[in-house]
Each structure stands twice: as C-alpha cells, then as structure tokens.
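Beneath this line is the structure, given in structure tokens, with notes to follow.
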Amino acid sequence: MGDQENLQLIEQESFLNYCFKRNDQDVQYWEEWLLQNPQRRQEVDQLRQMLLLMGEESRTRTISSDFASLQNRINHSAQGLKVIRSSAWLKWSIAASVLVLLSVGLLFYISQNTKIAGQKLADVAPGGNKATLILASGKKIDLSGAGNGAIADETGIKVIKTAEGKIIYDLSNTTAATNEQYNTIETPKGGQYQVNLADGTKVWLNAASSLRYPTHFSGNERRVELTGEGYFEVAHQKDKPFKVASAGQTVEVLGTHFNIMAYHDEPVVKTTLLQGSVRISMGKQQTLLKPGEQALRSGDKISVSEDVDMEDVVAWKNGYFKFNESLEGIMSKISRWYGVEVVYETKTDPNLTYSGKISRGRNISAILKIIEFNGDVHFRIEGRKVYVTK
C-alpha cells in the first residue's frame, strides 16, 4: 500500500475508531473490508499497531522506530499543527501521541485521551483581497468591487488596480509642482491587500489594518502611518529616509525589508527586521535593529530579541498561519483573518502551546477541527461568532 493510501486511511475518522475500538459499527466495517482486501491486512495491521503504541497509557514508551520509518515515507511537504504542553510531562506527551495526517496537508499530534468530535462544524470562508481606498478628495473606492485598470486620477496621478490584488501609482503625467496629497488604504477583518507606493516601495497589509501615505513623496523624507500589521520592502533612496509611524513609535529606514505588527488589541508592538537596518524611535529612546532581530515595545519600554522565527513573522504575507503560541494567540489571528468574534465559554489552559503551519486559504472549520482533536476544547460556530467550549 502506498503513501497516499496510508494517508487516506489515517485521515478517516472511522478508521481511527476501528484502531481504538471506539465504535462497534466502524470496527465491523473495517474487519469486513480487510476480509475483502486480504492483501492489505499486513500493512493495515502494522499501521494500527503503531497508532496503538503511540496512544497507549504507558508514559515510558517512546515513538517506535517503525513509526519513524513510516513518517519518513510521508511527503515532507506536509504542513502541520501539533499540541505541546509546557510542563514536566512534555516528553511523554509527544511520545504518547497519535499522528494524524490529513489530506489537506495538516499534521496533528493527539494525546492518549483524544476524542474526535462527531458534530459537523458550521463554516466560515477565509479572507481575501479586500480593502477600501480613501482618496485625498474623501472619495471611497471598494477595491474588491472595482474593476481592474485605472480606478482614480487626481491631479495627474493615476491609481491602477491589478488583477493580482494590488494598487499601483502612476506618476508619468504629473509635474514637480504637484502638491503632496494623502491616500489611505484600509483592510477589514478578513481582508488583505498590497500597495506599491509612488517611490517603488511595496507594502503588504494584513487584515484589520490601514496605511496612510502620500500619493507622491516630496521634501526630504518619505513618511507613512500604519495601524495593524504591514510588511514593507522599501525602495532605496539614500538622501530620503523612509519612516513608518505606528502606535507611538517611528521606524526609520533607507532601504530594507521589515514587518511591523501594531494592532491596538495586542499587548506588544513587534518590529522585525529581515534585511538592511532600521532605527526605532519612541520619545528619547532609540534602538537600532540588525537583520534577524525583533524590537518589542510594551508601554514605554523597547527591548530587542535575537531569538526570532522569521518564517513565523512573515507567514501571513506568504499565505499561511505559522503558530507557536497559546490558543488565545491563535484565536486572535483567526478572528482577524476570518472576520469572526471569539467568545470563550470556558477557561483555556495557558500552558498549552500549539505549533505548526496551516494554509490561510482553508475554511475556518479545517483549523478548528484539528484543534478539537486534542480533546481540550471544542468549538461552536453561530454566524460570525466562534464559541470556545469544553
């Protein structure tokens, strides 16, 4: 039996019920299936034994070499989400887990007390390229509803929407005497957008974010204002520094790649440098960042961390979630991307850390379902509300 067939077996709830004898009807079904497919019994039995070994109650066992062999045969491109408890029994929690590979490319570790929810979740579609452009005149343009091509022309400055979900500024018909005017692009919850500024700088906006910027840059600096989260690839201009004002701080660069996360509902503002150099100013404080560093601003203090997962920082811009945090942290991101309100009907375990990588293109149920597999929490979706329950 090939890798794909193994994946198809492991992803089926009825097969897991057969392996753990959780449902008599499923046990009977798979026993009859094996009678009809005797050539597959040996490998199915091996797979079942490996799952049982990893799920049994003994806290002294380690993951078997047989399972490691099976795992090595699985396509390494599969992305995953696993649950880790930050406590003394961490090693056992990993060893006494059941590996479930889903065909949607999700990998999840389940503890020995796993209970797979039988009810089907309601669903919410993922976010997409949605934003509102506010021109200097005050006119608002819904970018998701606007056609491709030129969508505005103010004093000779053309605003062009592309099919890829970004807007570009064309200054070919402007003159040096054109007055500096400001536009604002706002993404709602469940939205994202890219804007190419007049100087060639590229900005990606995450959900529930906004960027205020001039339609062209005059004077001796390039200054924009950000709320929410944005990823910047700044065009190099040695004599005209680029500055981003966000949440009481200013980030100054000449030409670099960096990410700023400055949501009002997050306790910490995070500025992460991927390439080049930046200076962060807040009042009299100034901090220089080197590539691979992250500035953490909480209250009136700025600290610098060198222990930064760059893939984690820019995952949203590259089309996926990458988690290494508590359930509350994950649900905050889910709330913004899917445009839902999260309601906690139970207290969650702050020592439970989820880590893994999941496409942002999946419906919300795909993410919530694999979190449910852990058995610690369940979810109920009612309209645009997600309830976290026991």
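Order determines the names: the first chain of the structure tokens is A, the second B, and so forth; residues in each chain are numbered 1 upward, and ligands are numbered 1 upward as they are shown.
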Would you list, as a ChimeraX atom specification, the residues of segment 217-303 of chain A that end up in strand (DSSP E or B) under DSSP run on this structure's backbone? /A:222-233,242-246,249-253,257-262,269-275,278-282,285-289,294-298,301-303
Selection file, N, CA and C atoms, as a compact mmCIF listing (two decimals), in the first residue's frame:
```txt
# COMPACT_ATOMS: atom_id res chain seq x y z
N ARG A 222 10.35 60.30 3.42
CA ARG A 222 9.14 59.58 2.98
C ARG A 222 8.47 59.04 4.23
N ARG A 223 7.31 59.53 4.55
CA ARG A 223 6.67 59.19 5.82
C ARG A 223 5.27 58.62 5.58
N VAL A 224 4.99 57.49 6.21
CA VAL A 224 3.67 56.86 6.14
C VAL A 224 3.22 56.51 7.56
N GLU A 225 1.93 56.21 7.71
CA GLU A 225 1.37 55.87 9.02
C GLU A 225 0.65 54.53 8.93
N LEU A 226 0.98 53.64 9.86
CA LEU A 226 0.43 52.29 9.85
C LEU A 226 -0.33 51.99 11.13
N THR A 227 -1.48 51.33 10.98
CA THR A 227 -2.14 50.67 12.11
C THR A 227 -2.34 49.21 11.70
N GLY A 228 -2.31 48.31 12.68
CA GLY A 228 -2.43 46.90 12.36
C GLY A 228 -1.09 46.31 12.00
N GLU A 229 -1.03 45.55 10.91
CA GLU A 229 0.20 44.86 10.53
C GLU A 229 0.52 45.08 9.07
N GLY A 230 1.79 45.35 8.80
CA GLY A 230 2.24 45.54 7.42
C GLY A 230 3.64 45.03 7.23
N TYR A 231 3.90 44.51 6.04
CA TYR A 231 5.23 44.08 5.64
C TYR A 231 5.74 45.04 4.57
N PHE A 232 6.97 45.56 4.73
CA PHE A 232 7.49 46.60 3.86
C PHE A 232 8.75 46.14 3.14
N GLU A 233 8.79 46.39 1.85
CA GLU A 233 10.01 46.28 1.06
C GLU A 233 10.29 47.68 0.52
N PHE A 242 12.98 56.58 4.71
CA PHE A 242 11.58 56.14 4.77
C PHE A 242 11.22 55.95 6.23
N LYS A 243 10.09 56.52 6.66
CA LYS A 243 9.68 56.44 8.07
C LYS A 243 8.26 55.90 8.17
N VAL A 244 8.08 55.00 9.12
CA VAL A 244 6.76 54.44 9.39
C VAL A 244 6.37 54.79 10.82
N ALA A 245 5.31 55.54 10.98
CA ALA A 245 4.78 55.88 12.30
C ALA A 245 3.69 54.87 12.65
N SER A 246 3.82 54.25 13.83
CA SER A 246 2.83 53.26 14.24
C SER A 246 2.80 53.14 15.76
N GLN A 249 5.43 54.91 17.95
CA GLN A 249 6.84 54.75 17.62
C GLN A 249 7.07 55.11 16.15
N THR A 250 8.31 55.37 15.80
CA THR A 250 8.66 55.65 14.41
C THR A 250 9.82 54.74 14.00
N VAL A 251 9.65 54.07 12.88
CA VAL A 251 10.69 53.21 12.33
C VAL A 251 11.29 53.93 11.12
N GLU A 252 12.60 54.14 11.14
CA GLU A 252 13.27 54.87 10.07
C GLU A 252 14.22 53.93 9.32
N VAL A 253 14.12 53.97 7.99
CA VAL A 253 14.96 53.10 7.16
C VAL A 253 15.42 53.87 5.92
N HIS A 257 13.82 45.40 4.27
CA HIS A 257 12.61 44.59 4.37
C HIS A 257 12.32 44.39 5.85
N PHE A 258 11.11 44.72 6.27
CA PHE A 258 10.77 44.56 7.69
C PHE A 258 9.27 44.42 7.84
N ASN A 259 8.87 43.95 9.02
CA ASN A 259 7.46 43.74 9.34
C ASN A 259 7.14 44.47 10.64
N ILE A 260 5.98 45.13 10.67
CA ILE A 260 5.51 45.79 11.89
C ILE A 260 4.15 45.22 12.25
N MET A 261 4.00 44.75 13.46
CA MET A 261 2.72 44.29 13.98
C MET A 261 2.33 45.23 15.11
N ALA A 262 1.32 46.08 14.86
CA ALA A 262 0.95 47.12 15.83
C ALA A 262 -0.56 47.21 15.96
N VAL A 269 3.92 45.73 20.58
CA VAL A 269 4.18 46.11 19.20
C VAL A 269 5.48 45.45 18.77
N LYS A 270 5.46 44.71 17.67
CA LYS A 270 6.63 43.96 17.23
C LYS A 270 7.12 44.49 15.89
N THR A 271 8.39 44.90 15.85
CA THR A 271 9.03 45.33 14.62
C THR A 271 10.17 44.37 14.33
N THR A 272 10.10 43.68 13.20
CA THR A 272 11.05 42.62 12.88
C THR A 272 11.79 42.96 11.61
N LEU A 273 13.11 42.89 11.67
CA LEU A 273 13.95 43.24 10.53
C LEU A 273 14.45 41.98 9.82
N LEU A 274 14.17 41.91 8.52
CA LEU A 274 14.63 40.79 7.72
C LEU A 274 15.87 41.13 6.91
N GLN A 275 15.97 42.38 6.49
CA GLN A 275 17.09 42.77 5.64
C GLN A 275 17.37 44.25 5.81
N VAL A 278 17.28 49.29 10.52
CA VAL A 278 16.25 50.26 10.88
C VAL A 278 16.58 50.87 12.24
N ARG A 279 16.07 52.06 12.43
CA ARG A 279 16.16 52.74 13.73
C ARG A 279 14.75 52.96 14.24
N ILE A 280 14.49 52.53 15.47
CA ILE A 280 13.17 52.70 16.08
C ILE A 280 13.27 53.78 17.14
N SER A 281 12.37 54.76 17.05
CA SER A 281 12.38 55.88 17.99
C SER A 281 11.04 55.97 18.70
N MET A 282 11.12 56.22 20.00
CA MET A 282 9.93 56.47 20.80
C MET A 282 10.33 57.44 21.90
N GLN A 285 13.96 57.52 23.37
CA GLN A 285 14.58 56.21 23.16
C GLN A 285 14.83 55.96 21.68
N GLN A 286 15.97 55.37 21.38
CA GLN A 286 16.29 54.95 20.02
C GLN A 286 16.93 53.57 20.06
N THR A 287 16.50 52.72 19.16
CA THR A 287 17.02 51.35 19.10
C THR A 287 17.35 50.99 17.66
N LEU A 288 18.55 50.46 17.45
CA LEU A 288 18.95 50.01 16.13
C LEU A 288 18.75 48.50 16.03
N LEU A 289 18.18 48.06 14.93
CA LEU A 289 17.99 46.63 14.71
C LEU A 289 18.91 46.14 13.61
N GLN A 294 14.24 41.48 16.50
CA GLN A 294 12.88 41.97 16.65
C GLN A 294 12.80 42.91 17.85
N ALA A 295 12.24 44.09 17.62
CA ALA A 295 12.02 45.03 18.71
C ALA A 295 10.64 44.81 19.29
N LEU A 296 10.58 44.71 20.61
CA LEU A 296 9.32 44.50 21.32
C LEU A 296 9.03 45.75 22.14
N ARG A 297 7.96 46.44 21.81
CA ARG A 297 7.60 47.65 22.53
C ARG A 297 6.36 47.42 23.36
N SER A 298 6.53 47.50 24.67
CA SER A 298 5.42 47.34 25.60
C SER A 298 5.39 48.54 26.52
N LYS A 301 8.58 50.99 27.09
CA LYS A 301 9.88 50.32 27.03
C LYS A 301 10.02 49.54 25.73
N ILE A 302 11.24 49.55 25.19
CA ILE A 302 11.57 48.80 23.99
C ILE A 302 12.70 47.83 24.31
N SER A 303 12.49 46.57 24.00
CA SER A 303 13.54 45.56 24.16
C SER A 303 13.79 44.91 22.81
```
Which residues come within 8 Å of Val342 of chain A, counting only C-alpha atoms, excluding same-chain residues fewer than 6 positions away, as number ranges by chain? A: 331-332, 335, 385-388
Please provide as JSON, numbers by chain all residues within 7 Å of segment 141-143 of chain A, with the sequence filter that same-chain residues fewer than 2 positions apart are discarded (counting only C-alpha atoms). {"A": [130, 131, 132, 133, 134, 139, 145, 146]}
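When the distance limit is 8 Å and only C-alpha atoms are what count, the residues near Phe323 of chain A, minus those fewer than 3 positions from it on the same chain, are Leu81, Asp312, Ile330, Tyr354, Ser355, Gly356 and Lys357 of chain A.
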Test item: residues at most 6 Å from segment 16-28 of chain A, only C-alpha atoms, excluding those fewer than 3 positions along its chain, as a PyMOL selection string: chain A and resi 13+31+48
Using only N, CA and C atoms, please write the residues we just selected to a file, as a PDB file, in the first residue's frame.
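Wrote selection-v1.pdb, looks like this:
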```pdb
ATOM      1  N   GLU A  13     -11.991   9.185  10.084  1.00  0.00           N
ATOM      2  CA  GLU A  13     -12.398   9.034  11.482  1.00  0.00           C
ATOM      3  C   GLU A  13     -12.824   7.593  11.763  1.00  0.00           C
ATOM      4  N   GLU A  31     -13.245  -4.671   9.617  1.00  0.00           N
ATOM      5  CA  GLU A  31     -12.945  -6.096   9.606  1.00  0.00           C
ATOM      6  C   GLU A  31     -13.461  -6.733   8.318  1.00  0.00           C
ATOM      7  N   ARG A  48      -2.018   0.056  12.382  1.00  0.00           N
ATOM      8  CA  ARG A  48      -2.862   0.064  13.581  1.00  0.00           C
ATOM      9  C   ARG A  48      -2.019  -0.132  14.838  1.00  0.00           C
TER      10      ARG A  48
END
```
Quick one: residues within 7 Å of segment 202-207 of chain A, only C-alpha atoms, excluding same-chain residues fewer than 5 positions away - as number ranges by chain? A: 187-197, 229-234, 317, 336-337
From the list A:Phe379, A:Phe321, A:Trp316, A:Tyr263, which residue is nearest Ser210 of chain A when using only C-alpha atoms?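 Ranked by minimum distance to Ser210 of chain A, first place goes to A:Tyr263.
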Could you give me the residues within segment 269-338 of chain A that DSSP places in helix (DSSP H, G or I), as a PyMOL selection string? chain A and resi 310-314+327-338
Would you mind exporting the chosen residues as an mmCIF file, in the first residue's frame, restricted to N, CA and C atoms?
```
data_model
loop_
_atom_site.group_PDB
_atom_site.id
_atom_site.type_symbol
_atom_site.label_atom_id
_atom_site.label_comp_id
_atom_site.auth_asym_id
_atom_site.auth_seq_id
_atom_site.Cartn_x
_atom_site.Cartn_y
_atom_site.Cartn_z
ATOM 1 N N MET A 310 11.778 33.938 11.697
ATOM 2 C CA MET A 310 11.412 34.833 10.600
ATOM 3 C C MET A 310 10.274 34.274 9.760
ATOM 4 N N GLU A 311 10.239 32.960 9.614
ATOM 5 C CA GLU A 311 9.150 32.352 8.848
ATOM 6 C C GLU A 311 7.812 32.618 9.526
ATOM 7 N N ASP A 312 7.811 32.573 10.841
ATOM 8 C CA ASP A 312 6.618 32.857 11.625
ATOM 9 C C ASP A 312 6.144 34.289 11.383
ATOM 10 N N VAL A 313 7.078 35.224 11.374
ATOM 11 C CA VAL A 313 6.750 36.645 11.249
ATOM 12 C C VAL A 313 6.067 36.963 9.929
ATOM 13 N N VAL A 314 6.564 36.389 8.835
ATOM 14 C CA VAL A 314 6.042 36.747 7.510
ATOM 15 C C VAL A 314 5.099 35.691 6.942
ATOM 16 N N LEU A 327 -3.632 29.108 22.703
ATOM 17 C CA LEU A 327 -4.883 29.105 21.954
ATOM 18 C C LEU A 327 -5.404 30.532 21.773
ATOM 19 N N GLU A 328 -5.256 31.369 22.814
ATOM 20 C CA GLU A 328 -5.743 32.753 22.711
ATOM 21 C C GLU A 328 -5.027 33.498 21.596
ATOM 22 N N GLY A 329 -3.717 33.280 21.472
ATOM 23 C CA GLY A 329 -2.967 33.931 20.407
ATOM 24 C C GLY A 329 -3.424 33.475 19.030
ATOM 25 N N ILE A 330 -3.666 32.184 18.903
ATOM 26 C CA ILE A 330 -4.137 31.647 17.630
ATOM 27 C C ILE A 330 -5.511 32.208 17.290
ATOM 28 N N MET A 331 -6.413 32.230 18.277
ATOM 29 C CA MET A 331 -7.780 32.688 18.017
ATOM 30 C C MET A 331 -7.817 34.170 17.679
ATOM 31 N N SER A 332 -6.868 34.930 18.184
ATOM 32 C CA SER A 332 -6.785 36.347 17.826
ATOM 33 C C SER A 332 -6.495 36.502 16.338
ATOM 34 N N LYS A 333 -5.560 35.698 15.819
ATOM 35 C CA LYS A 333 -5.247 35.740 14.395
ATOM 36 C C LYS A 333 -6.421 35.233 13.565
ATOM 37 N N ILE A 334 -7.048 34.169 14.024
ATOM 38 C CA ILE A 334 -8.195 33.614 13.311
ATOM 39 C C ILE A 334 -9.328 34.630 13.255
ATOM 40 N N SER A 335 -9.541 35.339 14.366
ATOM 41 C CA SER A 335 -10.605 36.343 14.418
ATOM 42 C C SER A 335 -10.424 37.402 13.347
ATOM 43 N N ARG A 336 -9.185 37.882 13.191
ATOM 44 C CA ARG A 336 -8.930 38.940 12.205
ATOM 45 C C ARG A 336 -9.050 38.430 10.775
ATOM 46 N N TRP A 337 -8.517 37.224 10.518
ATOM 47 C CA TRP A 337 -8.495 36.745 9.142
ATOM 48 C C TRP A 337 -9.863 36.287 8.653
ATOM 49 N N TYR A 338 -10.633 35.658 9.536
ATOM 50 C CA TYR A 338 -11.943 35.153 9.128
ATOM 51 C C TYR A 338 -13.078 36.127 9.448
#
```
